[in-house]
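Asks: Below are the structure tokens for one structure; questions will follow.
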Amino acid sequence: MLYVSRDFQSEDSQIKIGPPGNETIIGGDNFTVMAGPCAIEDEKTLLDTAFEIKKTGCDFLRGGAFKPRSSPYSFQGLGVEGLKILQKAGSATGLKTITEVMEPENVETVAKYADMLQVGSRNMQNFSLLKEIGRSNKPVLLKRGISATIEEWLMAAEYILAEGNFNIVFCERGIRTFETYTRNTLDLSAVPIIKLESHLPIIVDPSHGTGNKNLIPSMSSASLAAGADGLMLEVHPHPERALSDGKQSLTINEFNQLLSKLNNLSSGICQESKIRCLN
Ligand code: PEP
Ligand code: MN
């Protein structure tokens, strides 16, 4: 029997993020919104962004310090310097932090600075990375591989679970198809499928899933309606100046508008469960 399966555990898992006594829970009745820039660019921009996110009531700040870029000549992230900035922004605001780890040798370092690790799409089947994360007890967001089937994605989670780390959240971020209008094809059917097959929570990243900020409000609403446990959204104070993924980044204003829309939608669906970030 697989640890990832509903046969192993029938009730939904709730994943606790952050230090004991000050944890944020992903799963259950919560709808968790993780927001922030694609990459950590400099201290001032990240701190400004973090304070704006804090004002919305959301709990999570995202930002990459180690960036997996298609071209080796594109901005690769600030590395450990970026992790330090992220940690500073987290302590200054009280937001939980999440950032990508790309190599097994870096798991310990990234885990020291951030509350949650992110396995990026390009690394979903980096088995030595998955095993190393499995041996740490750090919560991890496991993004779906660019061309991964749901079966392969579940098995990637199993690699982490098999080493003893049960703190996993799935993230649907779009898959590569023949369609070129969008950057990826956001497979929202993955949400109810993962819910059916696994006890672990799943959130959706419509930013990488569409690559186009105009599509993000509808796909965010659709994710909520499909039963996702939250969203990961790229937000930047000046998307036109962003060092990466500006086209899919929301301004702070647009982010606020989206949260109001989601909150209205969620109260329309179920009176009791307003989205967590606006409670
Ligand atoms: C990211 O979230 O920063 C990222 C690179 O996403 P993905 O791995 O889904 O492409
Ligand atoms: Mn990005």
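So you can find residues: chains in the structure tokens are A, B, ... in the order shown, residues in each start at 1, and ligands are numbered from 1 in order.
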Might you pull out every residue within 12 Å of A:Ser128, with only C-alpha atoms counted and same-chain residues fewer than 5 positions away left off, and present them as a PyMOL selection string?
Replies: chain A and resi 102-107+119+123+133-135+156+159-160+163
Asks: Neighbours of A:Met124 within 9 Å (only C-alpha atoms; same-chain residues fewer than 3 positions away dropped), as an mmCIF file with N, CA and C atoms, in the first residue's frame?
Replies:
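Output contents, as saved in out.cif:
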```cif
data_model
loop_
_atom_site.group_PDB
_atom_site.id
_atom_site.type_symbol
_atom_site.label_atom_id
_atom_site.label_comp_id
_atom_site.auth_asym_id
_atom_site.auth_seq_id
_atom_site.Cartn_x
_atom_site.Cartn_y
_atom_site.Cartn_z
ATOM 1 N N VAL A 119 9.745 22.082 -4.357
ATOM 2 C CA VAL A 119 10.389 21.314 -5.431
ATOM 3 C C VAL A 119 9.761 21.810 -6.717
ATOM 4 N N GLY A 120 10.579 22.374 -7.589
ATOM 5 C CA GLY A 120 10.072 22.950 -8.827
ATOM 6 C C GLY A 120 9.741 21.866 -9.842
ATOM 7 N N SER A 121 8.976 22.306 -10.824
ATOM 8 C CA SER A 121 8.508 21.418 -11.869
ATOM 9 C C SER A 121 9.639 20.622 -12.534
ATOM 10 N N PHE A 127 15.265 12.318 -8.110
ATOM 11 C CA PHE A 127 15.014 11.389 -7.010
ATOM 12 C C PHE A 127 15.968 11.578 -5.833
ATOM 13 N N LEU A 129 17.097 14.426 -4.860
ATOM 14 C CA LEU A 129 16.558 15.595 -4.153
ATOM 15 C C LEU A 129 15.338 15.179 -3.303
ATOM 16 N N LEU A 130 14.451 14.398 -3.898
ATOM 17 C CA LEU A 130 13.246 13.959 -3.176
ATOM 18 C C LEU A 130 13.621 13.156 -1.927
ATOM 19 N N LEU A 142 5.291 20.197 -3.536
ATOM 20 C CA LEU A 142 5.781 19.387 -4.659
ATOM 21 C C LEU A 142 5.027 19.774 -5.918
ATOM 22 N N LYS A 143 5.710 20.543 -6.770
ATOM 23 C CA LYS A 143 5.067 20.987 -8.014
ATOM 24 C C LYS A 143 5.022 19.846 -9.026
ATOM 25 N N ARG A 144 3.988 19.866 -9.838
ATOM 26 C CA ARG A 144 3.860 18.829 -10.861
ATOM 27 C C ARG A 144 4.888 19.061 -11.963
ATOM 28 N N GLY A 145 5.543 18.004 -12.408
ATOM 29 C CA GLY A 145 6.520 18.099 -13.493
ATOM 30 C C GLY A 145 5.862 18.593 -14.773
ATOM 31 N N ILE A 146 6.649 19.274 -15.591
ATOM 32 C CA ILE A 146 6.135 19.876 -16.827
ATOM 33 C C ILE A 146 5.404 18.851 -17.700
ATOM 34 N N ALA A 148 4.663 15.588 -16.451
ATOM 35 C CA ALA A 148 4.424 14.439 -15.572
ATOM 36 C C ALA A 148 2.964 14.002 -15.575
ATOM 37 N N GLU A 152 2.924 9.614 -12.015
ATOM 38 C CA GLU A 152 4.332 9.934 -11.731
ATOM 39 C C GLU A 152 4.461 10.950 -10.596
ATOM 40 N N TRP A 153 3.517 11.868 -10.566
ATOM 41 C CA TRP A 153 3.512 12.903 -9.523
ATOM 42 C C TRP A 153 3.256 12.272 -8.142
ATOM 43 N N ALA A 156 6.317 10.552 -7.075
ATOM 44 C CA ALA A 156 7.354 11.488 -6.617
ATOM 45 C C ALA A 156 7.115 11.813 -5.134
ATOM 46 N N ALA A 157 5.833 12.010 -4.780
ATOM 47 C CA ALA A 157 5.498 12.258 -3.368
ATOM 48 C C ALA A 157 5.849 11.026 -2.534
#
```
Asks: Write as a list in words the residues around ligand 1, taking 7 Å as the cut-off and counting only C-alpha atoms and all ligand atoms.
Replies: Cys38, Ala39, Gly63, Gly64, Lys67, Pro68, Glu100, Val119, Gly120, Ser121, Arg122, Lys143, Arg173 and His208 of chain A
Asks: For chain A against ligand 2, with a cut-off of 12 Å and counting only C-alpha atoms and all ligand atoms, what is the closest atom pair and its distance in Å to one decimal for every residue that makes the cut, ordered by chain and number, as a Markdown table?
Replies:
```
| residue | atom | partner | partner_atom_place_in_ligand_line | distance |
| --- | --- | --- | --- | --- |
| A:Ala35 | CA | ligand 2 | 1 (Mn) | 11.3 |
| A:Gly36 | CA | ligand 2 | 1 (Mn) | 9.8 |
| A:Pro37 | CA | ligand 2 | 1 (Mn) | 7.5 |
| A:Cys38 | CA | ligand 2 | 1 (Mn) | 4.0 |
| A:Ala39 | CA | ligand 2 | 1 (Mn) | 6.9 |
| A:Ile40 | CA | ligand 2 | 1 (Mn) | 10.6 |
| A:Arg62 | CA | ligand 2 | 1 (Mn) | 10.2 |
| A:Gly63 | CA | ligand 2 | 1 (Mn) | 8.6 |
| A:Gly64 | CA | ligand 2 | 1 (Mn) | 8.0 |
| A:Ala65 | CA | ligand 2 | 1 (Mn) | 11.3 |
| A:Phe66 | CA | ligand 2 | 1 (Mn) | 11.3 |
| A:Lys67 | CA | ligand 2 | 1 (Mn) | 8.4 |
| A:Pro68 | CA | ligand 2 | 1 (Mn) | 9.3 |
| A:Arg69 | CA | ligand 2 | 1 (Mn) | 9.3 |
| A:Ser70 | CA | ligand 2 | 1 (Mn) | 11.5 |
| A:Phe75 | CA | ligand 2 | 1 (Mn) | 11.6 |
| A:Gln76 | CA | ligand 2 | 1 (Mn) | 11.6 |
| A:Gly77 | CA | ligand 2 | 1 (Mn) | 11.2 |
| A:Thr99 | CA | ligand 2 | 1 (Mn) | 11.3 |
| A:Glu100 | CA | ligand 2 | 1 (Mn) | 10.8 |
| A:Gly120 | CA | ligand 2 | 1 (Mn) | 10.1 |
| A:Ser121 | CA | ligand 2 | 1 (Mn) | 10.9 |
| A:Arg173 | CA | ligand 2 | 1 (Mn) | 10.6 |
| A:Arg183 | CA | ligand 2 | 1 (Mn) | 11.4 |
| A:Asp205 | CA | ligand 2 | 1 (Mn) | 9.9 |
| A:Pro206 | CA | ligand 2 | 1 (Mn) | 10.7 |
| A:Ser207 | CA | ligand 2 | 1 (Mn) | 7.5 |
| A:His208 | CA | ligand 2 | 1 (Mn) | 6.3 |
| A:Gly209 | CA | ligand 2 | 1 (Mn) | 10.1 |
| A:Thr210 | CA | ligand 2 | 1 (Mn) | 11.2 |
| A:Gly211 | CA | ligand 2 | 1 (Mn) | 8.8 |
| A:Asn212 | CA | ligand 2 | 1 (Mn) | 11.5 |
| A:Met232 | CA | ligand 2 | 1 (Mn) | 10.5 |
| A:Leu233 | CA | ligand 2 | 1 (Mn) | 9.2 |
| A:Glu234 | CA | ligand 2 | 1 (Mn) | 6.9 |
| A:Val235 | CA | ligand 2 | 1 (Mn) | 9.9 |
| A:His236 | CA | ligand 2 | 1 (Mn) | 10.9 |
| A:Pro239 | CA | ligand 2 | 1 (Mn) | 11.6 |
| A:Ala242 | CA | ligand 2 | 1 (Mn) | 10.2 |
| A:Leu243 | CA | ligand 2 | 1 (Mn) | 9.8 |
| A:Ser244 | CA | ligand 2 | 1 (Mn) | 6.4 |
| A:Asp245 | CA | ligand 2 | 1 (Mn) | 5.1 |
| A:Gly246 | CA | ligand 2 | 1 (Mn) | 8.4 |
| A:Lys247 | CA | ligand 2 | 1 (Mn) | 9.8 |
| A:Gln248 | CA | ligand 2 | 1 (Mn) | 8.0 |
| A:Ser249 | CA | ligand 2 | 1 (Mn) | 8.3 |
| A:Leu250 | CA | ligand 2 | 1 (Mn) | 11.8 |
```
Asks: Hey, can you check how far atom CA of A:Ala114 sits from atom CA of A:Ser221?
Replies: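 Atom-to-atom, atom CA of A:Ala114 to atom CA of A:Ser221, that is 28.2 Å.
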Asks: Atom CA of A:Leu186 to atom CA of A:Gln257: how many Å, to one decimal?
Replies: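 Interatomic distance, atom CA of A:Leu186 to atom CA of A:Gln257: 21.8 Å.
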Asks: Which one of A:Val191, A:Pro201, A:Leu86, A:Leu231 sits closest to A:Thr45 if you count only C-alpha atoms?
Replies: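 Among the listed residues, A:Leu86 lies closest to A:Thr45.
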Asks: Can you build me a table of stretch 193-264 of chain A residues sitting at most 10 Å from stretch 166-171 of chain A, with the closest atom pair per residue and its distance in Å to one decimal, using only C-alpha atoms, sorted by chain and residue number, as CSV?
Replies:
```
residue,atom,partner,partner_atom,distance
A:Ile194,CA,A:Phe170,CA,8.4
A:Ser198,CA,A:Phe170,CA,10.0
A:His199,CA,A:Val169,CA,9.9
A:Leu200,CA,A:Val169,CA,6.1
A:Pro201,CA,A:Val169,CA,5.1
A:Ile202,CA,A:Phe170,CA,4.4
A:Ile203,CA,A:Cys171,CA,4.8
A:Val204,CA,A:Cys171,CA,5.3
A:Asp205,CA,A:Cys171,CA,6.7
A:Ala228,CA,A:Cys171,CA,9.4
A:Asp229,CA,A:Val169,CA,9.2
A:Gly230,CA,A:Cys171,CA,9.2
A:Leu231,CA,A:Cys171,CA,8.4
A:Met232,CA,A:Cys171,CA,8.2
```
Asks: Extract the full set of alpha helix (DSSP H) residues from stretch 156-190 of chain A according to DSSP on the backbone, and format it as a list of chain:residue names.
Replies: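 Written out, the alpha helix (DSSP H) residues of stretch 156-190 of chain A are A:Ala156, A:Ala157, A:Glu158, A:Tyr159, A:Ile160, A:Leu161, A:Ala162, A:Ala190.
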Asks: When distances are computed from only C-alpha atoms, which of A:Lys131, A:Lys54, A:Lys112, A:Lys195 shows the smallest separation from A:Ala226?
Replies: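 Smallest distance to A:Ala226 is found for A:Lys195.
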Asks: Give the strand (DSSP E) residues of stretch 37-201 of chain A, as assigned by DSSP on the backbone, as a PyMOL selection string.
Replies: chain A and resi 60-62+96-100+116-119+140-143+168-172
Asks: For A:Ile252, which residue out of A:Asp7, A:Asp48, A:Asp187, A:Asp59 is the nearest one, using only C-alpha atoms?
Replies: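 Of the candidates, the smallest distance to A:Ile252 is held by A:Asp48.
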Asks: Neighbours of A:Gly94 within 12 Å (only C-alpha atoms; same-chain residues fewer than 6 positions away dropped), as a PyMOL selection string?
Replies: chain A and resi 18-19+22-24+47+50-51+53-55+57-61+86-88+115
Asks: With only C-alpha atoms as the basis for distance, which of A:Glu108, A:Asp29, A:Leu161, A:Met219 is at the shortest distance from A:Thr185?
Replies: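 Counting only C-alpha atoms, the residue closest to A:Thr185 is A:Met219.
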Asks: Please compute the atom CA of A:Ser91-atom CA of A:Gln14 distance, one decimal, in Å.
Replies: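 Interatomic distance, atom CA of A:Ser91 to atom CA of A:Gln14: 23.7 Å.
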Asks: Counting only C-alpha atoms, which of A:Asn30, A:Ser136, A:Asn214, A:Ser189 gets nearest to A:Leu258?
Replies: A:Asn214
